[in-house]
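Chemist: Next up, my_file_13.json (JSON, C-alpha atoms).
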```json
[["chain", "number", "residue", "atom", "x", "y", "z"],
["A", 1, "MET", "CA", 83.04, 27.69, 116.52],
["A", 2, "ASN", "CA", 83.16, 28.86, 112.88],
["A", 3, "LEU", "CA", 82.57, 32.44, 114.04],
["A", 4, "PHE", "CA", 85.52, 32.14, 116.41],
["A", 5, "LEU", "CA", 87.76, 30.86, 113.60],
["A", 6, "THR", "CA", 86.64, 33.64, 111.28],
["A", 7, "ASN", "CA", 87.48, 36.33, 113.86],
["A", 8, "SER", "CA", 90.82, 34.71, 114.50],
["A", 9, "GLU", "CA", 91.64, 34.64, 110.79],
["A", 10, "GLN", "CA", 90.72, 38.31, 110.45],
["A", 11, "ALA", "CA", 92.90, 39.22, 113.40],
["A", 12, "MET", "CA", 95.82, 37.27, 111.96],
["A", 13, "SER", "CA", 95.30, 38.88, 108.56],
["A", 14, "THR", "CA", 95.32, 42.37, 110.14],
["A", 15, "ALA", "CA", 98.44, 41.56, 112.10],
["A", 16, "ASP", "CA", 100.14, 40.31, 108.95],
["A", 17, "GLY", "CA", 99.20, 43.53, 107.15],
["A", 18, "ILE", "CA", 100.61, 45.66, 109.95],
["A", 19, "ALA", "CA", 103.75, 43.59, 110.04],
["A", 20, "LYS", "CA", 104.21, 43.97, 106.28],
["A", 21, "PHE", "CA", 103.61, 47.76, 106.58],
["A", 22, "PHE", "CA", 106.29, 48.07, 109.23],
["A", 23, "SER", "CA", 108.64, 45.63, 107.57],
["A", 24, "MET", "CA", 112.26, 46.64, 107.13],
["A", 25, "ASP", "CA", 111.84, 46.86, 103.38],
["A", 26, "LYS", "CA", 108.98, 49.34, 103.66],
["A", 27, "ILE", "CA", 110.75, 51.40, 106.31],
["A", 28, "GLU", "CA", 113.92, 51.46, 104.23],
["A", 29, "GLU", "CA", 111.97, 52.48, 101.13],
["A", 30, "PHE", "CA", 110.21, 55.27, 103.06],
["A", 31, "LEU", "CA", 113.47, 56.61, 104.51],
["A", 32, "VAL", "CA", 115.18, 56.57, 101.10],
["A", 33, "GLN", "CA", 112.25, 58.41, 99.49],
["A", 34, "PHE", "CA", 112.09, 60.92, 102.37],
["A", 35, "ALA", "CA", 115.82, 61.61, 102.15],
["A", 36, "PHE", "CA", 115.55, 62.06, 98.38],
["A", 37, "ASP", "CA", 112.63, 64.52, 98.83],
["A", 38, "ILE", "CA", 114.57, 66.54, 101.42],
["A", 39, "PHE", "CA", 117.62, 66.62, 99.15],
["A", 40, "THR", "CA", 115.41, 67.77, 96.26],
["A", 41, "VAL", "CA", 113.90, 70.59, 98.36],
["A", 42, "ILE", "CA", 117.37, 71.76, 99.44],
["A", 43, "ALA", "CA", 118.57, 71.65, 95.82],
["A", 44, "ILE", "CA", 115.54, 73.70, 94.69],
["A", 45, "ILE", "CA", 116.17, 76.33, 97.38],
["A", 46, "ILE", "CA", 119.87, 76.61, 96.48],
["A", 47, "VAL", "CA", 119.22, 76.83, 92.73],
["A", 48, "LEU", "CA", 116.46, 79.43, 93.12],
["A", 49, "SER", "CA", 118.65, 81.47, 95.48],
["A", 50, "ILE", "CA", 121.39, 81.52, 92.84],
["A", 51, "VAL", "CA", 118.91, 82.37, 90.08],
["A", 52, "ARG", "CA", 117.39, 85.13, 92.23],
["A", 53, "ARG", "CA", 120.79, 86.70, 92.89],
["A", 54, "ILE", "CA", 121.86, 86.45, 89.24],
["A", 55, "GLY", "CA", 118.58, 87.98, 88.09],
["A", 56, "LYS", "CA", 118.92, 90.81, 90.62],
["A", 57, "ASN", "CA", 122.43, 91.62, 89.37],
["A", 58, "ILE", "CA", 121.29, 91.53, 85.74],
["A", 59, "ILE", "CA", 118.40, 93.91, 86.47],
["A", 60, "LYS", "CA", 120.64, 96.37, 88.31],
["A", 61, "ARG", "CA", 123.25, 96.22, 85.56],
["A", 62, "ALA", "CA", 120.62, 96.71, 82.87],
["A", 63, "PHE", "CA", 119.31, 99.85, 84.59],
["A", 64, "ALA", "CA", 122.85, 101.15, 85.12],
["A", 65, "VAL", "CA", 124.03, 100.54, 81.53],
["A", 66, "ASN", "CA", 120.89, 101.83, 79.83],
["A", 67, "ILE", "CA", 120.42, 104.88, 82.04],
["A", 68, "ASP", "CA", 120.23, 107.30, 79.09],
["A", 69, "LYS", "CA", 117.51, 105.31, 77.34],
["A", 70, "LEU", "CA", 115.63, 104.89, 80.61],
["A", 71, "GLN", "CA", 115.79, 108.61, 81.33],
["A", 72, "LYS", "CA", 114.28, 109.39, 77.93],
["A", 73, "MET", "CA", 111.61, 106.73, 78.44],
["A", 74, "THR", "CA", 110.75, 107.82, 81.99],
["A", 75, "GLY", "CA", 110.78, 111.57, 81.57],
["A", 76, "GLY", "CA", 114.45, 112.45, 81.66],
["A", 77, "THR", "CA", 115.06, 112.14, 85.40],
["A", 78, "ASN", "CA", 116.70, 109.65, 87.75],
["A", 79, "ARG", "CA", 113.58, 109.66, 89.94],
["A", 80, "ARG", "CA", 111.59, 107.38, 87.63],
["A", 81, "LYS", "CA", 114.62, 105.24, 86.88],
["A", 82, "GLY", "CA", 115.09, 104.42, 90.56],
["A", 83, "THR", "CA", 111.39, 103.74, 91.01],
["A", 84, "LEU", "CA", 111.14, 101.37, 88.04],
["A", 85, "GLU", "CA", 114.29, 99.55, 89.16],
["A", 86, "SER", "CA", 112.81, 99.08, 92.64],
["A", 87, "LEU", "CA", 109.50, 97.82, 91.17],
["A", 88, "VAL", "CA", 111.14, 95.36, 88.75],
["A", 89, "LEU", "CA", 113.30, 93.95, 91.56],
["A", 90, "ASN", "CA", 110.19, 93.60, 93.70],
["A", 91, "ILE", "CA", 108.33, 91.71, 90.94],
["A", 92, "TRP", "CA", 111.35, 89.47, 90.36],
["A", 93, "ARG", "CA", 111.50, 88.61, 94.07],
["A", 94, "TYR", "CA", 107.78, 87.75, 94.19],
["A", 95, "MET", "CA", 108.05, 85.62, 91.03],
["A", 96, "ILE", "CA", 110.99, 83.60, 92.34],
["A", 97, "ASN", "CA", 109.24, 83.04, 95.69],
["A", 98, "ILE", "CA", 106.05, 81.79, 93.98],
["A", 99, "ILE", "CA", 107.99, 79.47, 91.67],
["A", 100, "GLY", "CA", 109.95, 78.16, 94.65],
["A", 101, "LEU", "CA", 106.79, 77.50, 96.65],
["A", 102, "ILE", "CA", 105.18, 75.58, 93.78],
["A", 103, "ALA", "CA", 108.36, 73.59, 93.15],
["A", 104, "VAL", "CA", 108.72, 72.60, 96.82],
["A", 105, "LEU", "CA", 105.08, 71.58, 97.08],
["A", 106, "GLY", "CA", 105.44, 69.63, 93.83],
["A", 107, "VAL", "CA", 108.02, 67.39, 95.49],
["A", 108, "PHE", "CA", 105.38, 66.04, 97.90],
["A", 109, "VAL", "CA", 102.18, 66.50, 95.82],
["A", 110, "PRO", "CA", 101.68, 65.49, 92.15],
["A", 111, "ILE", "CA", 101.93, 68.54, 89.93],
["A", 112, "GLN", "CA", 98.51, 67.89, 88.29],
["A", 113, "THR", "CA", 96.80, 67.81, 91.67],
["A", 114, "LEU", "CA", 98.72, 70.87, 92.73],
["A", 115, "LEU", "CA", 97.67, 72.87, 89.65],
["A", 116, "VAL", "CA", 94.00, 71.95, 90.09],
["A", 117, "GLY", "CA", 94.18, 72.86, 93.76],
["A", 118, "THR", "CA", 95.99, 76.08, 92.93],
["A", 119, "GLY", "CA", 93.23, 77.12, 90.52],
["A", 120, "SER", "CA", 90.57, 76.54, 93.15],
["A", 121, "PHE", "CA", 92.66, 78.27, 95.79],
["A", 122, "ALA", "CA", 93.17, 81.29, 93.53],
["A", 123, "VAL", "CA", 89.41, 81.86, 93.32],
["A", 124, "VAL", "CA", 89.03, 81.74, 97.10],
["A", 125, "PHE", "CA", 92.16, 83.82, 97.56],
["A", 126, "ALA", "CA", 90.86, 86.55, 95.23],
["A", 127, "PHE", "CA", 87.83, 87.09, 97.47],
["A", 128, "ALA", "CA", 89.71, 86.74, 100.76],
["A", 129, "ALA", "CA", 92.68, 88.97, 99.87],
["A", 130, "LYS", "CA", 90.89, 92.06, 98.59],
["A", 131, "SER", "CA", 93.14, 94.38, 100.59],
["A", 132, "MET", "CA", 96.24, 92.78, 99.08],
["A", 133, "LEU", "CA", 94.88, 93.26, 95.57],
["A", 134, "ASP", "CA", 94.07, 96.89, 96.41],
["A", 135, "ASP", "CA", 97.68, 97.37, 97.55],
["A", 136, "ILE", "CA", 99.03, 95.92, 94.31],
["A", 137, "ALA", "CA", 96.69, 98.02, 92.15],
["A", 138, "MET", "CA", 97.63, 101.18, 94.04],
["A", 139, "GLY", "CA", 101.31, 100.29, 93.64],
["A", 140, "PHE", "CA", 100.97, 100.37, 89.86],
["A", 141, "PHE", "CA", 99.07, 103.69, 90.03],
["A", 142, "ILE", "CA", 101.86, 105.20, 92.14],
["A", 143, "VAL", "CA", 104.49, 104.20, 89.59],
["A", 144, "PHE", "CA", 102.72, 104.98, 86.33],
["A", 145, "GLU", "CA", 101.10, 108.22, 87.50],
["A", 146, "ASP", "CA", 104.44, 109.28, 89.04],
["A", 147, "LEU", "CA", 102.89, 110.33, 92.37],
["A", 148, "PHE", "CA", 106.33, 109.98, 93.94],
["A", 149, "SER", "CA", 109.55, 108.13, 93.26],
["A", 150, "VAL", "CA", 112.45, 106.56, 95.11],
["A", 151, "GLY", "CA", 114.50, 109.35, 96.69],
["A", 152, "ASP", "CA", 111.61, 111.82, 96.97],
["A", 153, "PHE", "CA", 110.96, 113.57, 100.28],
["A", 154, "ILE", "CA", 107.24, 113.15, 101.03],
["A", 155, "GLU", "CA", 104.58, 113.37, 103.72],
["A", 156, "VAL", "CA", 102.08, 110.50, 103.76],
["A", 157, "ASP", "CA", 99.92, 108.81, 106.37],
["A", 158, "GLY", "CA", 101.51, 110.79, 109.20],
["A", 159, "ALA", "CA", 105.07, 109.90, 108.16],
["A", 160, "THR", "CA", 107.58, 112.39, 106.74],
["A", 161, "GLY", "CA", 110.79, 111.20, 105.15],
["A", 162, "THR", "CA", 112.63, 109.90, 102.08],
["A", 163, "VAL", "CA", 111.20, 107.12, 99.91],
["A", 164, "VAL", "CA", 113.68, 104.22, 99.88],
["A", 165, "GLU", "CA", 111.58, 101.56, 98.13],
["A", 166, "ILE", "CA", 108.32, 101.27, 96.21],
["A", 167, "GLY", "CA", 107.02, 97.70, 96.06],
["A", 168, "LEU", "CA", 103.93, 95.96, 94.77],
["A", 169, "ARG", "CA", 102.29, 95.99, 98.20],
["A", 170, "SER", "CA", 103.98, 98.70, 100.25],
["A", 171, "VAL", "CA", 106.16, 101.79, 100.33],
["A", 172, "LYS", "CA", 109.18, 102.13, 102.62],
["A", 173, "ILE", "CA", 110.00, 105.60, 103.97],
["A", 174, "ARG", "CA", 113.05, 106.52, 106.05],
["A", 175, "VAL", "CA", 111.93, 109.23, 108.47],
["A", 176, "LEU", "CA", 114.12, 111.99, 109.88],
["A", 177, "THR", "CA", 114.92, 110.04, 113.05],
["A", 178, "GLY", "CA", 116.35, 107.12, 111.03],
["A", 179, "GLU", "CA", 113.56, 104.56, 111.32],
["A", 180, "THR", "CA", 112.02, 102.92, 108.25],
["A", 181, "VAL", "CA", 108.22, 103.19, 108.08],
["A", 182, "ILE", "CA", 106.37, 100.64, 105.92],
["A", 183, "ILE", "CA", 103.00, 101.84, 104.58],
["A", 184, "PRO", "CA", 100.64, 99.55, 102.60],
["A", 185, "ASN", "CA", 99.89, 101.06, 99.21],
["A", 186, "GLY", "CA", 96.15, 100.77, 99.79],
["A", 187, "ASN", "CA", 96.39, 103.09, 102.83],
["A", 188, "ILE", "CA", 97.91, 105.94, 100.83],
["A", 189, "ASN", "CA", 95.32, 108.67, 100.33],
["A", 190, "LYS", "CA", 96.97, 112.09, 100.55],
["A", 191, "VAL", "CA", 100.60, 112.65, 99.56],
["A", 192, "ILE", "CA", 102.64, 115.85, 99.86],
["A", 193, "ASN", "CA", 105.71, 115.60, 97.62],
["A", 194, "HIS", "CA", 108.43, 118.16, 98.39],
["A", 195, "SER", "CA", 110.77, 116.95, 95.63],
["A", 196, "ILE", "CA", 108.88, 117.68, 92.41],
["A", 197, "SER", "CA", 108.81, 121.49, 92.61],
["A", 198, "ASN", "CA", 110.69, 124.38, 94.18],
["A", 199, "GLY", "CA", 110.19, 124.95, 97.89],
["A", 200, "GLN", "CA", 109.24, 128.11, 99.73],
["A", 201, "ALA", "CA", 111.19, 129.18, 102.79],
["A", 202, "VAL", "CA", 108.89, 131.17, 105.09],
["A", 203, "VAL", "CA", 110.35, 133.01, 108.07],
["A", 204, "ASP", "CA", 108.35, 135.10, 110.56],
["A", 205, "ILE", "CA", 110.46, 137.61, 112.51],
["A", 206, "SER", "CA", 109.20, 139.14, 115.74],
["A", 207, "VAL", "CA", 110.21, 142.72, 116.54],
["A", 208, "ALA", "CA", 109.49, 144.57, 119.78],
["A", 209, "TYR", "CA", 106.95, 147.42, 119.68],
["A", 210, "GLU", "CA", 109.65, 149.72, 121.04],
["A", 211, "ALA", "CA", 111.96, 149.01, 118.08],
["A", 212, "ASP", "CA", 112.17, 151.17, 114.95],
["A", 213, "LEU", "CA", 109.94, 149.30, 112.46],
["A", 214, "ASN", "CA", 111.36, 151.00, 109.35],
["A", 215, "LYS", "CA", 114.89, 150.20, 110.48],
["A", 216, "ALA", "CA", 113.91, 146.56, 110.99],
["A", 217, "LEU", "CA", 112.39, 146.37, 107.49],
["A", 218, "SER", "CA", 115.43, 147.92, 105.83],
["A", 219, "THR", "CA", 117.71, 145.57, 107.77],
["A", 220, "LEU", "CA", 115.73, 142.57, 106.53],
["A", 221, "GLU", "CA", 116.13, 143.84, 102.96],
["A", 222, "GLU", "CA", 119.88, 143.86, 103.50],
["A", 223, "VAL", "CA", 119.71, 140.31, 104.86],
["A", 224, "ALA", "CA", 117.71, 139.26, 101.80],
["A", 225, "THR", "CA", 120.38, 140.57, 99.43],
["A", 226, "ARG", "CA", 123.22, 139.04, 101.43],
["A", 227, "THR", "CA", 121.67, 135.56, 101.69],
["A", 228, "PHE", "CA", 120.77, 135.51, 97.99],
["A", 229, "ASP", "CA", 124.45, 136.00, 97.13],
["A", 230, "LEU", "CA", 125.58, 133.57, 99.83],
["A", 231, "TYR", "CA", 123.42, 130.47, 99.18],
["A", 232, "ASP", "CA", 123.10, 128.72, 95.81],
["A", 233, "GLU", "CA", 119.95, 126.96, 97.01],
["A", 234, "ILE", "CA", 118.03, 130.27, 96.89],
["A", 235, "ILE", "CA", 116.59, 130.67, 93.39],
["A", 236, "LYS", "CA", 115.17, 134.17, 93.72],
["A", 237, "ARG", "CA", 116.09, 137.01, 96.03],
["A", 238, "PRO", "CA", 114.11, 136.69, 99.30],
["A", 239, "VAL", "CA", 111.15, 139.04, 99.56],
["A", 240, "VAL", "CA", 110.20, 140.96, 102.71],
["A", 241, "LEU", "CA", 106.40, 140.94, 102.57],
["A", 242, "GLY", "CA", 105.96, 143.35, 105.47],
["A", 243, "VAL", "CA", 104.01, 143.27, 108.71],
["A", 244, "GLN", "CA", 102.24, 139.92, 108.99],
["A", 245, "GLU", "CA", 100.70, 140.28, 112.45],
["A", 246, "LEU", "CA", 100.40, 142.62, 115.42],
["A", 247, "GLY", "CA", 100.83, 140.31, 118.38],
["A", 248, "ALA", "CA", 100.35, 140.81, 122.09],
["A", 249, "SER", "CA", 103.96, 141.92, 122.62],
["A", 250, "GLU", "CA", 105.56, 141.91, 119.16],
["A", 251, "VAL", "CA", 105.23, 142.99, 115.56],
["A", 252, "VAL", "CA", 105.60, 140.00, 113.21],
["A", 253, "ILE", "CA", 107.31, 140.57, 109.86],
["A", 254, "ARG", "CA", 107.28, 137.85, 107.18],
["A", 255, "MET", "CA", 110.05, 137.04, 104.70],
["A", 256, "ILE", "CA", 109.79, 134.39, 101.94],
["A", 257, "ALA", "CA", 112.31, 132.89, 99.53],
["A", 258, "GLU", "CA", 111.92, 130.48, 96.62],
["A", 259, "VAL", "CA", 114.48, 127.70, 97.00],
["A", 260, "GLN", "CA", 115.47, 124.41, 95.43],
["A", 261, "PRO", "CA", 113.33, 121.36, 96.33],
["A", 262, "THR", "CA", 113.67, 120.06, 99.91],
["A", 263, "THR", "CA", 116.08, 122.86, 100.94],
["A", 264, "GLN", "CA", 113.48, 125.19, 102.48],
["A", 265, "TRP", "CA", 114.10, 123.99, 106.04],
["A", 266, "HIS", "CA", 117.85, 124.51, 105.75],
["A", 267, "ILE", "CA", 117.41, 128.01, 104.32],
["A", 268, "GLN", "CA", 114.87, 128.92, 107.02],
["A", 269, "ARG", "CA", 117.39, 127.99, 109.72],
["A", 270, "GLU", "CA", 120.15, 129.98, 108.02],
["A", 271, "LEU", "CA", 117.91, 133.03, 107.58],
["A", 272, "ARG", "CA", 116.94, 133.00, 111.25],
["A", 273, "LYS", "CA", 120.60, 132.81, 112.29],
["A", 274, "ILE", "CA", 121.69, 135.69, 110.04],
["A", 275, "ILE", "CA", 118.68, 137.82, 111.06],
["A", 276, "LYS", "CA", 119.45, 137.31, 114.75],
["A", 277, "LEU", "CA", 123.12, 138.27, 114.32],
["A", 278, "THR", "CA", 122.26, 141.28, 112.15],
["A", 279, "PHE", "CA", 119.59, 142.53, 114.57],
["A", 280, "ASP", "CA", 122.12, 142.31, 117.39],
["A", 281, "GLU", "CA", 124.57, 144.44, 115.39],
["A", 282, "LYS", "CA", 121.89, 147.02, 114.54],
["A", 283, "GLY", "CA", 120.49, 147.17, 118.08],
["A", 284, "ILE", "CA", 117.04, 145.94, 117.01],
["A", 285, "GLU", "CA", 115.31, 144.19, 119.89],
["A", 286, "ILE", "CA", 113.67, 140.81, 119.45],
["A", 287, "PRO", "CA", 110.96, 140.50, 122.15],
["A", 288, "PHE", "CA", 111.09, 137.84, 124.81],
["A", 289, "PRO", "CA", 108.70, 136.95, 127.66],
["A", 290, "ARG", "CA", 108.91, 139.31, 130.64],
["A", 291, "MET", "CA", 107.40, 139.19, 134.10],
["A", 292, "VAL", "CA", 106.32, 142.41, 135.86],
["A", 293, "VAL", "CA", 105.85, 142.15, 139.64],
["A", 294, "TYR", "CA", 103.93, 144.80, 141.58],
["A", 295, "GLN", "CA", 104.70, 144.93, 145.31],
["A", 296, "HIS", "CA", 102.55, 146.97, 147.67],
["A", 297, "ASN", "CA", 104.72, 148.59, 150.37],
["A", 298, "GLY", "CA", 102.98, 150.88, 152.81],
["A", 299, "GLY", "CA", 100.17, 151.51, 150.41],
["A", 300, "ASN", "CA", 102.51, 152.65, 147.64],
["A", 301, "ALA", "CA", 102.68, 150.56, 144.48],
["A", 302, "VAL", "CA", 106.18, 149.88, 143.32],
["A", 303, "ASN", "CA", 106.91, 148.56, 139.81],
["A", 304, "GLU", "CA", 109.88, 146.19, 139.76]]
```
Once you've parsed the file, please lay out its structure as structure tokens.
Modeler:
Amino acid sequence: MNLFLTNSEQAMSTADGIAKFFSMDKIEEFLVQFAFDIFTVIAIIIVLSIVRRIGKNIIKRAFAVNIDKLQKMTGGTNRRKGTLESLVLNIWRYMINIIGLIAVLGVFVPIQTLLVGTGSFAVVFAFAAKSMLDDIAMGFFIVFEDLFSVGDFIEVDGATGTVVEIGLRSVKIRVLTGETVIIPNGNINKVINHSISNGQAVVDISVAYEADLNKALSTLEEVATRTFDLYDEIIKRPVVLGVQELGASEVVIRMIAEVQPTTQWHIQRELRKIIKLTFDEKGIEIPFPRMVVYQHNGGNAVNE
């Protein structure tokens, strides 16, 4: 009988506890606190968004106003200025995002607990995110060793295009077809930078074996003089090196020209156009594929 009463009392005590937990006062207190937390999170996001935008404008204005000092500090060119501006903006964005994450978590978790947990998490994160740390380290090497800068035309990791952004973790390249390729900094091994030195326009011209070789060479010399006067991108008068190859059906002559950075492809196209038009005027034949058909008619071979 006593055991039955004891169990009944415990059941009633549990029911009273549940009733108190779900009482209107508790529910109202929970809803008020939840609404306050949500309002705080929204306020944090709005404030940090404003701070982020203000900081971004200040950074851009600082780089624009102090461009002369920055050029002296970074080697006298706009290349480094654009790269450092991109990197500083990237760091500012990461910093604001981290502060925002900690502030939002601090609304629901005591800040002391959060800091202790963050310290422990940082140790685990350092081991787990080795590739991320490699990307960040490589990002600093790219900037401070001036491997390439924003606006440079480069070839890297199978992508060829213009660098539009250098960040802590990745590089963004706009390729010739318009797409933006994102390459992690840690994956960058070999870089070909076409923007840091003069380019070399190389044009191979095929001439038929039947054509007058000396006439073709002298005509190319005339083209070299004309194009040097015509295009400001050509730094030195193009040089006709001579016969480069004796092919199966053509004689290959090579011409080279030192040009301004990243203009070699444009000059190569212009040289080919002028050479074709000039050869047509001079009657110099450029070989093209031909098909010779032999037809046997009554035992006699006829060449058509």
Chemist: Quote the spacing between CA of Asn214 (chain A) and CA of Ile284 (chain A) in Å to one decimal place.
Modeler: 10.8 Å
Chemist: Which residue is closest to Gly139 (chain A)? Choose from A:Ser170, A:Ser197, A:Gln268, A:Thr180 and count only C-alpha atoms.
Modeler: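 For Gly139 (chain A), the nearest of the candidates is A:Ser170.
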Chemist: Distance CA of Tyr94 (chain A)-CA of Val41 (chain A), one decimal place?
Modeler: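 Answer for the CA of Tyr94 (chain A) to CA of Val41 (chain A) separation: 18.7 Å.
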Chemist: Residues proximal to (113.6, 109.3, 107.1) were defined as those with any atom within 10 Å of that point in the file's coordinates, counting all atoms listed in the file. Which are they, as a list in words?
Modeler: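 Nearby residues: Phe153, Ile154, Ala159, Thr160, Gly161, Thr162, Val163, Val164, Lys172, Ile173, Arg174, Val175, Leu176, Thr177, Gly178, Glu179, Thr180 and Val181 of chain A.
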Chemist: Which residues, written as number ranges by chain, have at least one atom at most 12 Å from Leu217 (chain A), with all atoms listed in the file counted and residues fewer than 3 positions away on the same chain left out?
Modeler: A: 205-207, 211-214, 220-224, 239-243, 251-255, 275, 279, 282, 284
Chemist: What is the distance, in Å and to one decimal place, between CA of Ile274 (chain A) and CA of His194 (chain A)?
Modeler: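 CA of Ile274 (chain A) sits 24.9 Å away from CA of His194 (chain A).
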Chemist: I'd like to know which of A:Ala35, A:Val156, A:Val47, A:Ala201 is closest to Ile182 (chain A), using only C-alpha atoms.
Modeler: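 Using only C-alpha atoms, the shortest distance to Ile182 (chain A) belongs to A:Val156.
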Chemist: Find the residues around Leu147 (chain A) up to 12 Å (all atoms listed in the file counted), leave out those fewer than 4 positions away in its own chain, and share them as a PyMOL selection string.
Modeler: chain A and resi 79-80+83+138-143+152-156+163+166+185+188-196
